[in-house]
Amino acid sequence: DSCSVVNRGFVCVCKSRFVFCFLQQRRRAGPAAAALWQKPRSAAQQRHSVTATESKMAGADGDDSLYPIAVLIDELRNEDVQLRLNSIKKLSTIALALGVERTRTELLPFLTDTIYDEDEVLLALAEQLGNFTMLVGGPEYVHCLLPPLESLATVEETVVRDKAVESLRKISQEHSPVDLEVHFEPLVKRLASGDWFTSRTSACGLFSVCYPRVSSTVKAEIRQHFRTLCSDDTPMVRRAAASKLGEFAKVLELDYVKSDIISLFTALASDEQDSVRLLAVEACVSIATLLPQEDLETLVMPTLRQAAEDKSWRVRYMVADKFSELQKAVGPEITKNDLVPAFQNLLKDCEAEVRAAAANKVKEFCENLPEDNREQIIMTHILPCVKELVSDTNQHVKSALASVIMGLSTILGKDNTIEHLLPLFLAQLKDECPEVRLNIISNLDCVNEVIGIRQLSQSLLPAIVELAEDAKWRVRLAIIEYMPLLAGQLGVEFFDEKLNTLCMAWLIDHVYAIREAATCNLMKLVEKFGAEWAQNTIVPKVLGMANDPNYLHRMTTLFCINALSEACGQEITTKQMLPVVLKMSNDQVANVRFNVAKSLQKIGPVLDSNALQTEVKPVLEKLASDTDMDVKYFAQEAISGECLSSSTIVDKLNT
Amino acid sequence: METTKLPPSSPSSPTTSFSVPSAEKVDGFPRRSMRRARQRRSHSSSQFRYQSSQVELTPLPLLKDAPVAELHDLFCKKLQQCCVLFDFLDCVADLKGKEIKRAALNELVESVATSRGVLIEPLYPEAIKMISVNIFRTLPPSENPEFDPEEDEPTLEASWPHLQLVYEFFLRFLESPDFQPSMAKRYVDQKFVLQLLELFDSEDPREREYLKTILHRVYGKLLGLRAYIRKQINNIFLRFIYETEHFNGVAELLEILGSIINGFALPLKAEHKQFLVRVLIPLHTAKSLSIFHAQLAYCVVQFMEKDATVTEYIIRGLLKYWPKTCTQKEVMFLGEIEEILDVIEPSQFIRVQEPLFKQIAACISSPHFQVAERALYFWNNEYILSLIEENCQVILPLVFATLYRVSKEHWNQTIVSLIYNVLKTFMEMNSKLFDDLTASYKVEKQNPAVTLKK
């Protein structure tokens, strides 16, 4: 009773101007949709109109190249969300096929109606439309994209709205100054005075993109709208305005920054909701950067001081989190007089969250202090607070500090480091929380440059040993990852003496991730210390495990060989490792046997062709007729892989 | 407004022990709450530290011994004494002071609850000041950033021994027969209410329980604040839905709203409809729906009972936000749909039956047996069954193919037998239609090309 899916789509492209009307009717139409389109028709009329077009089409010559587009268009109204989504994601292809004229007159009105679709589809649509300028005929016609994006900027779902605003910001750049005033700015105004908070929230992100390119009367209007939104009734809108305050300040003339922005900033920074106040802190950075030094004290500092002592910890946290940016924005003088005491207070804050955020900034703050009295400020004001934080009650605070404290040594130099910082490092190396110790160990290189690691090595060892045996495998994993670094800093002798046993012990850890990491660690150590060292210290131990009663340990031998063969070279691989691997092909556990097959494939490229032909091949062939199907499979894999690699070696020898 | 359905004014403190029955650990993984229990300690708010210097308290004479002439003065002094805050993180600090304040609070509660004529005008600002100083504070950061209200133990308020008495006092104050809204409204203003609402984010369920009862009384007695309270609750919900996805007191606020909706005048104002469509329905999208779903569904049904014309908005809204991957939420949605269908007007049912039964059919074919089962249970509901019977011509074609197919394919025997019952019911309802559909289904199945051509 109706034409097939393909035909219907085909009609769309080839003929009908009311295709999109038709599409629209088949979809759940929202209330506004009806207004955009002709009055809905009954099913019977609809069927009639289609068959009519279809018969017309039969006379016209079909163009096969449009067939895929027809399918895509058809899918725009499919019941399955996934198909609609796929089609929307290929919207540019559809638009390209339709041409600029029909994209403007048919596709865009249809898409404007799509606003009643699933959020997932809307998100894709909002993103697509941002790149549509050329597809509607270039900058001259870019304003055609505004209606659908305007609707998208008002939907409830935040991600869709944000994407629509992002696209609007993008295409605003492609508007001519005239179009910006005629089409874009009215849109911003409409959004800014929308009934529901979503549209007003979206408007906040659009002021700064159109402000620089409009006439001064329009500029005044824009400033007025922004001002209104900053004192909006709903906190959602005030939050949006506060988060765009800095960005908007940047495009304003300095006089207006002083007259308009500062009063808005002050108001937002003393909002009744802390979620608004904390956003003003972010704006503070931009505003302070814009103002001349002499105005900062009167215009910005009162608000900033107030924020640093806000009764809500969220606001204080924000100040701590943005401290380095604030420091740069207000300059060295204010830093010395105001920020140093403020920073001390944040380091001593009653909420651990705030202390942790401040502790994270210790190094950066000290680095950026004015050089003339940097050392004195650190030693008399900052270091005492840092000392207290080393024994903080909260582990997040301690671990935040541990991640940056080592950086202070380069700033303070050798003597201060030995006298003041070293005791702190040592205390943190003994901390009960493994994360603190790890953070210290992972930053050892900073100290090494200043005082040499020997100073620490006596305390280091117990800390490393304890972490290496920690009950939590993630902690063990973390310390393994620092082993190559430590080995490099401590040198081969210290390593052989103290750490080698640890590295070997990890190979028989009961957690696979640790055994795997230990294998990888050995490879890195061999790369560092060389093949000869490997032959003397680790290869015998690794190969010894091949006779272990536990099959997991026997497999670890194979994994180690996989990892080490290349770093150890042909000599060691052929003479020492290969015999062990081959012998293990008789293992009674199938897992070991198929790992033998995998290992042989892996180490193949390191072996010479003679060994491959005379030793490896027979064993693989035997495994290929194993009773276990996995062993068979991997043996066959290895044989086909091996042939390839051996032939390349032969080729190499021939040339 | 209808009389309150809220629990009694002194909520009992929930005591949950940490020992988890070994049966719950069979999978070898301790539950998250177990793992965290060790680190847990009670938490104080940071308000205490902002008090500059600690005042030494001296005991005052008992209220009951005071001569009538001095009673109000003494009452006032006790209120001022209770404005002093104590450090509860340090449990041995200033024990004497803590005891004096506790005793004073107890006396104030007792006095306001039992004696008449105590609440005279000059006491209002003092009482509200004492309450504000004690309860209003920035809630501390959660100790557990990924706090999951279903799994984890909440962080309890350390200063609860005093805080509870302050809340109790506030409640008695509001419930006192002497309470005069005209006097109170000068002190219990918009700013006060906003701070009160923010406290609903407290992780301590005991505190939220008190807040719920108190806000409910405030809403009932101070008429001028009603619109403001509703608006601020809207803002909290919108922030919860679209910005943070985190607010501990959603269930409590919804419980209050449940009784407020009951009192809405007819016809419903646009504001209330907007609240339903733009706030209550989108609340269904929240990740933590299970925490407050019962209260939410109650509110939704209240709206329907108030005004049947909102039914279509509700059902279409639920269908729009129907969970795509979370089967647990799907079961909740189905439960809510059944609650709605239980009270739906037949004329409204006809308007939504098509999209609704398409969704129900999709649920029946869910591989998750609980989803399929929950949907099939609709056929055990007599009222729903009567609606289905009246509209059999429309509904049966919508669900037939699914029922037929799932009855042959579903892995779970309970589902299969439930489907057989449903099919049997349909057969009895309209055997002619049933036979026609069976015949055409079989034809389609044998020759899919025929249908495509058709």
# chains A, B, ... in the order shown; residues from 1 in each chain; ligands from 1

$ closest_atom_pairs --of "chain A" --to "chain B" --cutoff "10 Å" --atoms "only C-alpha atoms" --output "Markdown table"
| residue | atom | partner | partner_atom | distance |
| --- | --- | --- | --- | --- |
| A:Asp1 | CA | B:Lys454 | CA | 6.1 |
| A:Ser2 | CA | B:Lys454 | CA | 7.4 |
| A:Cys3 | CA | B:Lys453 | CA | 8.4 |
| A:Ser4 | CA | B:Lys453 | CA | 7.1 |
| A:Val5 | CA | B:Leu452 | CA | 9.1 |
| A:Asp117 | CA | B:Lys320 | CA | 9.2 |
| A:Glu118 | CA | B:Lys320 | CA | 7.7 |
| A:Asp119 | CA | B:Lys320 | CA | 9.8 |
| A:Glu156 | CA | B:Tyr242 | CA | 7.9 |
| A:Glu157 | CA | B:Tyr242 | CA | 6.9 |
| A:Thr158 | CA | B:Tyr242 | CA | 6.1 |
| A:Val159 | CA | B:Tyr242 | CA | 9.1 |
| A:Trp196 | CA | B:Arg278 | CA | 9.7 |
| A:Phe197 | CA | B:Leu238 | CA | 9.8 |
| A:Asp233 | CA | B:Lys231 | CA | 9.9 |
| A:Thr234 | CA | B:Asn235 | CA | 6.9 |
| A:Pro235 | CA | B:Asn235 | CA | 7.2 |
| A:Met236 | CA | B:Arg239 | CA | 7.0 |
| A:Glu272 | CA | B:Lys191 | CA | 8.5 |
| A:Gln273 | CA | B:Leu194 | CA | 9.2 |
| A:Asp274 | CA | B:Thr138 | CA | 9.1 |
| A:Lys311 | CA | B:Thr138 | CA | 7.1 |
| A:Ser312 | CA | B:Thr138 | CA | 5.5 |
| A:Trp313 | CA | B:Thr138 | CA | 7.4 |
| A:Arg314 | CA | B:Pro141 | CA | 8.4 |
| A:Asp349 | CA | B:Ser46 | CA | 9.7 |
| A:Cys350 | CA | B:Ser46 | CA | 6.6 |
| A:Glu351 | CA | B:Ser46 | CA | 7.1 |
| A:Ala352 | CA | B:Pro141 | CA | 8.7 |
| A:Glu353 | CA | B:Pro141 | CA | 7.4 |
| A:Val354 | CA | B:Pro141 | CA | 9.8 |

$ write_last_selection --atoms "N, CA, C and O atoms" --output "short mmCIF file (atom, residue, chain, number, x, y, z; two decimals), in the first residue's frame"
data_model
loop_
_atom_site.label_atom_id
_atom_site.label_comp_id
_atom_site.auth_asym_id
_atom_site.auth_seq_id
_atom_site.Cartn_x
_atom_site.Cartn_y
_atom_site.Cartn_z
N ASP A 1 0.79 -1.21 0.00
CA ASP A 1 0.00 0.00 0.00
C ASP A 1 0.84 1.28 0.00
O ASP A 1 0.34 2.37 -0.17
N SER A 2 2.14 1.15 0.29
CA SER A 2 2.97 2.35 0.11
C SER A 2 4.28 1.93 -0.57
O SER A 2 4.62 0.76 -0.61
N CYS A 3 4.99 2.88 -1.06
CA CYS A 3 6.19 2.52 -1.81
C CYS A 3 7.28 2.01 -0.86
O CYS A 3 7.24 2.22 0.34
N SER A 4 8.23 1.31 -1.39
CA SER A 4 9.27 0.72 -0.56
C SER A 4 10.16 1.81 0.02
O SER A 4 10.16 2.95 -0.43
N VAL A 5 10.90 1.41 1.01
CA VAL A 5 11.80 2.34 1.70
C VAL A 5 12.70 3.07 0.71
O VAL A 5 12.81 4.28 0.69
N ASP A 117 13.72 15.79 18.80
CA ASP A 117 14.29 14.44 18.76
C ASP A 117 15.02 14.12 20.06
O ASP A 117 15.04 14.89 21.01
N GLU A 118 15.62 12.94 20.08
CA GLU A 118 16.43 12.51 21.22
C GLU A 118 17.65 13.43 21.37
O GLU A 118 18.21 13.90 20.38
N ASP A 119 18.08 13.60 22.61
CA ASP A 119 19.21 14.47 22.89
C ASP A 119 20.46 14.04 22.12
O ASP A 119 21.25 14.86 21.67
N GLU A 156 16.72 21.56 27.11
CA GLU A 156 17.03 21.35 28.52
C GLU A 156 18.41 20.74 28.74
O GLU A 156 19.12 21.12 29.66
N GLU A 157 18.75 19.79 27.90
CA GLU A 157 19.96 19.02 28.15
C GLU A 157 21.23 19.89 27.97
O GLU A 157 21.45 20.46 26.92
N THR A 158 22.03 19.92 29.03
CA THR A 158 23.18 20.82 29.05
C THR A 158 24.17 20.56 27.92
O THR A 158 24.64 21.50 27.29
N VAL A 159 24.49 19.31 27.65
CA VAL A 159 25.51 19.06 26.63
C VAL A 159 25.07 19.53 25.25
O VAL A 159 25.88 20.05 24.48
N TRP A 196 12.62 30.75 29.89
CA TRP A 196 13.17 29.66 30.67
C TRP A 196 14.67 29.87 30.82
O TRP A 196 15.31 30.45 29.94
N PHE A 197 15.22 29.39 31.91
CA PHE A 197 16.62 29.69 32.21
C PHE A 197 17.59 29.16 31.16
O PHE A 197 18.67 29.70 30.98
N ASP A 233 17.37 36.12 38.33
CA ASP A 233 16.68 35.52 39.46
C ASP A 233 17.16 34.09 39.75
O ASP A 233 17.24 33.67 40.90
N THR A 234 17.46 33.35 38.69
CA THR A 234 17.85 31.95 38.91
C THR A 234 19.36 31.82 39.03
O THR A 234 20.11 32.39 38.23
N PRO A 235 19.82 31.07 40.01
CA PRO A 235 21.26 30.91 40.20
C PRO A 235 21.95 30.25 38.99
O PRO A 235 23.12 30.50 38.76
N MET A 236 21.22 29.44 38.23
CA MET A 236 21.83 28.80 37.07
C MET A 236 22.35 29.86 36.09
O MET A 236 23.43 29.74 35.54
N GLU A 272 24.66 35.28 47.16
CA GLU A 272 24.22 34.46 48.30
C GLU A 272 24.58 32.99 48.12
O GLU A 272 24.63 32.23 49.08
N GLN A 273 24.82 32.56 46.88
CA GLN A 273 25.15 31.15 46.64
C GLN A 273 26.65 30.98 46.42
O GLN A 273 27.23 31.67 45.58
N ASP A 274 27.24 30.05 47.14
CA ASP A 274 28.68 29.90 47.00
C ASP A 274 29.07 29.39 45.60
O ASP A 274 30.14 29.67 45.10
N LYS A 311 33.37 32.19 53.84
CA LYS A 311 32.94 31.19 54.82
C LYS A 311 32.71 29.82 54.18
O LYS A 311 32.69 28.81 54.86
N SER A 312 32.56 29.81 52.87
CA SER A 312 32.39 28.52 52.20
C SER A 312 33.74 27.98 51.74
O SER A 312 34.50 28.65 51.06
N TRP A 313 33.99 26.73 52.09
CA TRP A 313 35.28 26.14 51.71
C TRP A 313 35.41 26.00 50.21
O TRP A 313 36.50 25.97 49.68
N ARG A 314 34.28 25.92 49.49
CA ARG A 314 34.37 25.77 48.04
C ARG A 314 35.03 27.00 47.40
O ARG A 314 35.80 26.88 46.47
N ASP A 349 44.29 26.07 56.33
CA ASP A 349 42.82 26.08 56.32
C ASP A 349 42.26 24.91 57.15
O ASP A 349 42.90 23.88 57.31
N CYS A 350 41.04 25.10 57.65
CA CYS A 350 40.47 24.02 58.47
C CYS A 350 39.93 22.88 57.62
O CYS A 350 39.72 21.78 58.12
N GLU A 351 39.69 23.11 56.35
CA GLU A 351 39.22 22.01 55.51
C GLU A 351 40.38 21.39 54.73
O GLU A 351 41.15 22.09 54.07
N ALA A 352 40.46 20.07 54.80
CA ALA A 352 41.55 19.37 54.14
C ALA A 352 41.57 19.62 52.64
O ALA A 352 42.63 19.74 52.04
N GLU A 353 40.37 19.73 52.04
CA GLU A 353 40.31 19.97 50.59
C GLU A 353 41.08 21.23 50.21
O GLU A 353 41.80 21.26 49.21
N VAL A 354 40.89 22.27 51.01
CA VAL A 354 41.54 23.54 50.72
C VAL A 354 43.05 23.41 50.94
O VAL A 354 43.85 23.86 50.10
#

$ closest_atom_pairs --of "range 340-413 of chain B" --to "range 285-305 of chain B" --cutoff "12 Å" --atoms "only C-alpha atoms" --output "Markdown table"
| residue | atom | partner | partner_atom | distance |
| --- | --- | --- | --- | --- |
| B:Ile340 | CA | B:Val301 | CA | 6.0 |
| B:Leu341 | CA | B:Val301 | CA | 9.5 |
| B:Asp342 | CA | B:Val301 | CA | 9.4 |
| B:Val343 | CA | B:Glu305 | CA | 7.2 |
| B:Ile344 | CA | B:Met304 | CA | 7.7 |
| B:Glu345 | CA | B:Met304 | CA | 9.4 |
| B:Gln348 | CA | B:Met304 | CA | 10.5 |

$ write_last_selection --atoms "N, CA and C atoms" --output "PDB file, in the first residue's frame"
ATOM      1  N   ILE B 340       0.612   4.952  37.644  1.00  0.00           N
ATOM      2  CA  ILE B 340      -0.125   5.951  36.865  1.00  0.00           C
ATOM      3  C   ILE B 340      -1.364   5.324  36.240  1.00  0.00           C
ATOM      4  N   LEU B 341      -1.180   4.141  35.653  1.00  0.00           N
ATOM      5  CA  LEU B 341      -2.309   3.482  34.994  1.00  0.00           C
ATOM      6  C   LEU B 341      -3.409   3.132  35.993  1.00  0.00           C
ATOM      7  N   ASP B 342      -3.001   2.925  37.213  1.00  0.00           N
ATOM      8  CA  ASP B 342      -3.952   2.597  38.264  1.00  0.00           C
ATOM      9  C   ASP B 342      -5.004   3.682  38.452  1.00  0.00           C
ATOM     10  N   VAL B 343      -4.624   4.930  38.169  1.00  0.00           N
ATOM     11  CA  VAL B 343      -5.555   6.034  38.415  1.00  0.00           C
ATOM     12  C   VAL B 343      -5.883   6.787  37.128  1.00  0.00           C
ATOM     13  N   ILE B 344      -5.479   6.248  35.983  1.00  0.00           N
ATOM     14  CA  ILE B 344      -5.660   6.989  34.732  1.00  0.00           C
ATOM     15  C   ILE B 344      -7.135   6.990  34.335  1.00  0.00           C
ATOM     16  N   GLU B 345      -7.541   8.088  33.708  1.00  0.00           N
ATOM     17  CA  GLU B 345      -8.915   8.131  33.198  1.00  0.00           C
ATOM     18  C   GLU B 345      -8.938   7.479  31.822  1.00  0.00           C
ATOM     19  N   GLN B 348      -8.037   9.537  28.880  1.00  0.00           N
ATOM     20  CA  GLN B 348      -6.624   9.873  28.781  1.00  0.00           C
ATOM     21  C   GLN B 348      -5.810   8.685  28.291  1.00  0.00           C
TER      22      GLN B 348
END

$ residues_around --residues "Val133 in chain B" --least-positions-apart "3" --cutoff "10 Å" --atoms "only C-alpha atoms" --output "list in words"
Gln47, Cys82, Cys83, Val84, Leu85, Ile128, Lys129, Met130, Phe136 and Arg137 of chain B

$ closest_residue --among "B:Met429, B:Leu105, B:Ala93, B:Leu197" --to "Ile395 in chain B" --atoms "only C-alpha atoms"
B:Met429

$ residues_around --residues "range 158-169 of chain B" --least-positions-apart "5" --cutoff "10 Å" --atoms "only C-alpha atoms" --output "number ranges by chain"
B: 9-11, 41-45, 48, 82, 85-91, 98-99, 101-113, 127, 130-132, 134-135, 174-175, 204, 206-207, 210-211, 213-214

$ residues_around --residues "Thr105 in chain A" --least-positions-apart "5" --cutoff "10 Å" --atoms "only C-alpha atoms" --output "PDB file with N, CA and C atoms, in the first residue's frame"
ATOM      1  N   ARG A  17       9.377  18.420  -3.665  1.00  0.00           N
ATOM      2  CA  ARG A  17       9.677  19.556  -2.811  1.00  0.00           C
ATOM      3  C   ARG A  17       9.030  19.359  -1.454  1.00  0.00           C
ATOM      4  N   VAL A 100      23.537  24.006  -2.250  1.00  0.00           N
ATOM      5  CA  VAL A 100      23.344  25.061  -1.251  1.00  0.00           C
ATOM      6  C   VAL A 100      21.902  25.557  -1.206  1.00  0.00           C
ATOM      7  N   PHE A 110      13.674  21.604   7.771  1.00  0.00           N
ATOM      8  CA  PHE A 110      13.391  20.267   8.298  1.00  0.00           C
ATOM      9  C   PHE A 110      14.172  20.014   9.595  1.00  0.00           C
ATOM     10  N   VAL A 136      25.857  25.973   3.051  1.00  0.00           N
ATOM     11  CA  VAL A 136      24.669  26.792   2.789  1.00  0.00           C
ATOM     12  C   VAL A 136      24.995  27.943   1.839  1.00  0.00           C
ATOM     13  N   CYS A 144      21.491  31.632   7.836  1.00  0.00           N
ATOM     14  CA  CYS A 144      20.454  30.589   7.715  1.00  0.00           C
ATOM     15  C   CYS A 144      20.587  29.543   8.810  1.00  0.00           C
TER      16      CYS A 144
END

$ atom_distance --atom1 "CA of Leu525 in chain A" --atom2 "CA of Met584 in chain A"
25.7 Å

$ atom_distance --atom1 "CA of Arg454 in chain A" --atom2 "CA of Asp496 in chain A"
15.7 Å

$ residues_around --residues "Thr537 in chain A" --least-positions-apart "5" --cutoff "12 Å" --atoms "only C-alpha atoms" --output "number ranges by chain"
A: 492-493, 495-497, 499-501, 503-504, 522, 525-526, 529-532, 542-544

$ write_last_selection --atoms "all heavy atoms" --output "short mmCIF file (atom, residue, chain, number, x, y, z; two decimals), in the first residue's frame"
data_model
loop_
_atom_site.label_atom_id
_atom_site.label_comp_id
_atom_site.auth_asym_id
_atom_site.auth_seq_id
_atom_site.Cartn_x
_atom_site.Cartn_y
_atom_site.Cartn_z
N VAL A 492 74.54 0.93 39.33
CA VAL A 492 74.43 -0.52 39.22
C VAL A 492 74.86 -1.26 40.50
O VAL A 492 74.26 -2.24 40.89
CB VAL A 492 75.20 -1.03 37.97
CG1 VAL A 492 76.70 -0.87 38.14
CG2 VAL A 492 74.84 -2.48 37.66
N GLU A 493 75.86 -0.71 41.18
CA GLU A 493 76.35 -1.41 42.38
C GLU A 493 75.30 -1.45 43.48
O GLU A 493 74.98 -2.50 44.02
CB GLU A 493 77.57 -0.68 42.94
CG GLU A 493 78.86 -1.12 42.33
CD GLU A 493 79.99 -0.20 42.77
OE1 GLU A 493 80.10 0.06 44.00
OE2 GLU A 493 80.72 0.29 41.90
N PHE A 495 72.26 -1.03 43.13
CA PHE A 495 71.12 -1.81 42.65
C PHE A 495 71.33 -3.30 42.91
O PHE A 495 70.48 -3.99 43.47
CB PHE A 495 70.89 -1.54 41.16
CG PHE A 495 69.65 -2.23 40.66
CD1 PHE A 495 68.42 -1.61 40.75
CD2 PHE A 495 69.73 -3.51 40.13
CE1 PHE A 495 67.28 -2.25 40.31
CE2 PHE A 495 68.58 -4.15 39.70
CZ PHE A 495 67.36 -3.52 39.79
N ASP A 496 72.52 -3.80 42.46
CA ASP A 496 72.79 -5.23 42.61
C ASP A 496 72.71 -5.64 44.07
O ASP A 496 72.19 -6.69 44.44
CB ASP A 496 74.19 -5.56 42.07
CG ASP A 496 74.14 -5.70 40.55
OD1 ASP A 496 73.01 -5.80 40.03
OD2 ASP A 496 75.21 -5.68 39.92
N GLU A 497 73.22 -4.76 44.88
CA GLU A 497 73.33 -5.10 46.29
C GLU A 497 71.97 -5.10 46.99
O GLU A 497 71.66 -5.99 47.78
CB GLU A 497 74.24 -4.05 46.94
CG GLU A 497 74.77 -4.41 48.29
CD GLU A 497 75.63 -3.29 48.82
OE1 GLU A 497 76.39 -2.69 48.00
OE2 GLU A 497 75.52 -2.99 50.01
N LEU A 499 68.58 -3.93 45.49
CA LEU A 499 67.26 -3.96 44.85
C LEU A 499 67.02 -5.16 43.95
O LEU A 499 65.88 -5.48 43.63
CB LEU A 499 67.05 -2.67 44.03
CG LEU A 499 67.11 -1.37 44.83
CD1 LEU A 499 66.89 -0.18 43.92
CD2 LEU A 499 66.06 -1.37 45.93
N ASN A 500 68.12 -5.82 43.56
CA ASN A 500 67.96 -6.91 42.61
C ASN A 500 67.02 -8.00 43.14
O ASN A 500 66.16 -8.49 42.42
CB ASN A 500 69.34 -7.49 42.29
CG ASN A 500 69.29 -8.32 41.03
OD1 ASN A 500 68.31 -8.26 40.31
ND2 ASN A 500 70.32 -9.09 40.79
N THR A 501 67.19 -8.34 44.41
CA THR A 501 66.33 -9.39 44.98
C THR A 501 64.85 -9.02 44.90
O THR A 501 64.01 -9.87 44.64
CB THR A 501 66.70 -9.65 46.46
OG1 THR A 501 67.11 -8.41 47.02
CG2 THR A 501 67.78 -10.68 46.58
N CYS A 503 63.46 -7.13 42.64
CA CYS A 503 63.00 -7.26 41.25
C CYS A 503 62.72 -8.72 40.91
O CYS A 503 61.78 -9.02 40.17
CB CYS A 503 64.04 -6.70 40.29
SG CYS A 503 64.19 -4.92 40.43
N MET A 504 63.54 -9.63 41.46
CA MET A 504 63.31 -11.03 41.16
C MET A 504 62.09 -11.56 41.93
O MET A 504 61.34 -12.39 41.44
CB MET A 504 64.55 -11.87 41.51
CG MET A 504 65.81 -11.48 40.78
SD MET A 504 65.59 -11.18 39.00
CE MET A 504 65.29 -12.82 38.42
N LEU A 522 62.40 -5.81 34.01
CA LEU A 522 63.69 -6.46 33.72
C LEU A 522 64.23 -6.01 32.37
O LEU A 522 65.41 -5.72 32.21
CB LEU A 522 63.53 -7.99 33.72
CG LEU A 522 63.36 -8.66 35.09
CD1 LEU A 522 63.38 -10.16 34.93
CD2 LEU A 522 64.42 -8.21 36.07
N LEU A 525 65.71 -2.65 32.67
CA LEU A 525 66.98 -2.69 33.39
C LEU A 525 68.10 -3.16 32.48
O LEU A 525 69.22 -2.63 32.51
CB LEU A 525 66.87 -3.60 34.62
CG LEU A 525 65.99 -3.08 35.75
CD1 LEU A 525 65.83 -4.14 36.83
CD2 LEU A 525 66.57 -1.80 36.35
N VAL A 526 67.80 -4.18 31.66
CA VAL A 526 68.82 -4.69 30.74
C VAL A 526 69.20 -3.62 29.73
O VAL A 526 70.37 -3.44 29.41
CB VAL A 526 68.32 -5.97 30.03
CG1 VAL A 526 69.33 -6.42 28.98
CG2 VAL A 526 68.09 -7.07 31.04
N PHE A 529 71.53 -1.41 31.86
CA PHE A 529 72.80 -1.94 32.36
C PHE A 529 73.53 -2.84 31.35
O PHE A 529 74.67 -3.24 31.60
CB PHE A 529 72.58 -2.74 33.66
CG PHE A 529 72.12 -1.88 34.82
CD1 PHE A 529 71.30 -2.40 35.80
CD2 PHE A 529 72.51 -0.55 34.93
CE1 PHE A 529 70.88 -1.63 36.87
CE2 PHE A 529 72.09 0.24 35.99
CZ PHE A 529 71.27 -0.30 36.97
N GLY A 530 72.87 -3.23 30.27
CA GLY A 530 73.56 -3.98 29.21
C GLY A 530 73.44 -5.50 29.33
O GLY A 530 73.05 -6.05 30.36
N ALA A 531 73.79 -6.16 28.22
CA ALA A 531 73.60 -7.61 28.09
C ALA A 531 74.51 -8.40 29.03
O ALA A 531 74.11 -9.44 29.58
CB ALA A 531 73.83 -8.03 26.65
N GLU A 532 75.69 -7.88 29.23
CA GLU A 532 76.62 -8.63 30.07
C GLU A 532 76.11 -8.72 31.50
O GLU A 532 76.15 -9.77 32.14
CB GLU A 532 77.99 -7.94 30.04
CG GLU A 532 79.10 -8.87 30.47
CD GLU A 532 80.43 -8.12 30.56
OE1 GLU A 532 80.66 -7.22 29.72
OE2 GLU A 532 81.19 -8.43 31.49
N VAL A 542 66.20 -16.21 36.01
CA VAL A 542 64.99 -16.36 35.21
C VAL A 542 64.88 -17.79 34.69
O VAL A 542 63.83 -18.43 34.76
CB VAL A 542 64.99 -15.35 34.05
CG1 VAL A 542 63.93 -15.72 33.02
CG2 VAL A 542 64.74 -13.94 34.57
N LEU A 543 66.02 -18.30 34.16
CA LEU A 543 65.98 -19.64 33.58
C LEU A 543 65.78 -20.70 34.65
O LEU A 543 65.16 -21.73 34.39
CB LEU A 543 67.26 -19.90 32.78
CG LEU A 543 67.45 -18.96 31.57
CD1 LEU A 543 68.73 -19.31 30.83
CD2 LEU A 543 66.26 -19.02 30.62
N GLY A 544 66.26 -20.40 35.84
CA GLY A 544 66.08 -21.35 36.94
C GLY A 544 64.62 -21.60 37.24
O GLY A 544 64.23 -22.71 37.64
#

$ select_by_dssp --residues "range 70-193 of chain B" --states "alpha helix (DSSP H)" --output "PyMOL selection string"
chain B and resi 70-81+95-114+123-135+160-175+181-184+190-193

$ decode --residues "range 437-441 of chain A" --atoms "N, CA and C atoms" --output "mmCIF file, in the first residue's frame"
data_model
loop_
_atom_site.group_PDB
_atom_site.id
_atom_site.type_symbol
_atom_site.label_atom_id
_atom_site.label_comp_id
_atom_site.auth_asym_id
_atom_site.auth_seq_id
_atom_site.Cartn_x
_atom_site.Cartn_y
_atom_site.Cartn_z
ATOM 1 N N ARG A 437 54.735 8.240 50.122
ATOM 2 C CA ARG A 437 56.082 7.722 49.852
ATOM 3 C C ARG A 437 56.327 7.627 48.346
ATOM 4 N N LEU A 438 55.312 7.131 47.645
ATOM 5 C CA LEU A 438 55.469 7.000 46.196
ATOM 6 C C LEU A 438 55.727 8.341 45.525
ATOM 7 N N ASN A 439 54.956 9.352 45.967
ATOM 8 C CA ASN A 439 55.131 10.666 45.357
ATOM 9 C C ASN A 439 56.538 11.199 45.589
ATOM 10 N N ILE A 440 57.102 10.933 46.750
ATOM 11 C CA ILE A 440 58.471 11.358 47.019
ATOM 12 C C ILE A 440 59.437 10.610 46.093
ATOM 13 N N ILE A 441 59.269 9.302 46.051
ATOM 14 C CA ILE A 441 60.194 8.503 45.254
ATOM 15 C C ILE A 441 60.123 8.864 43.770
#
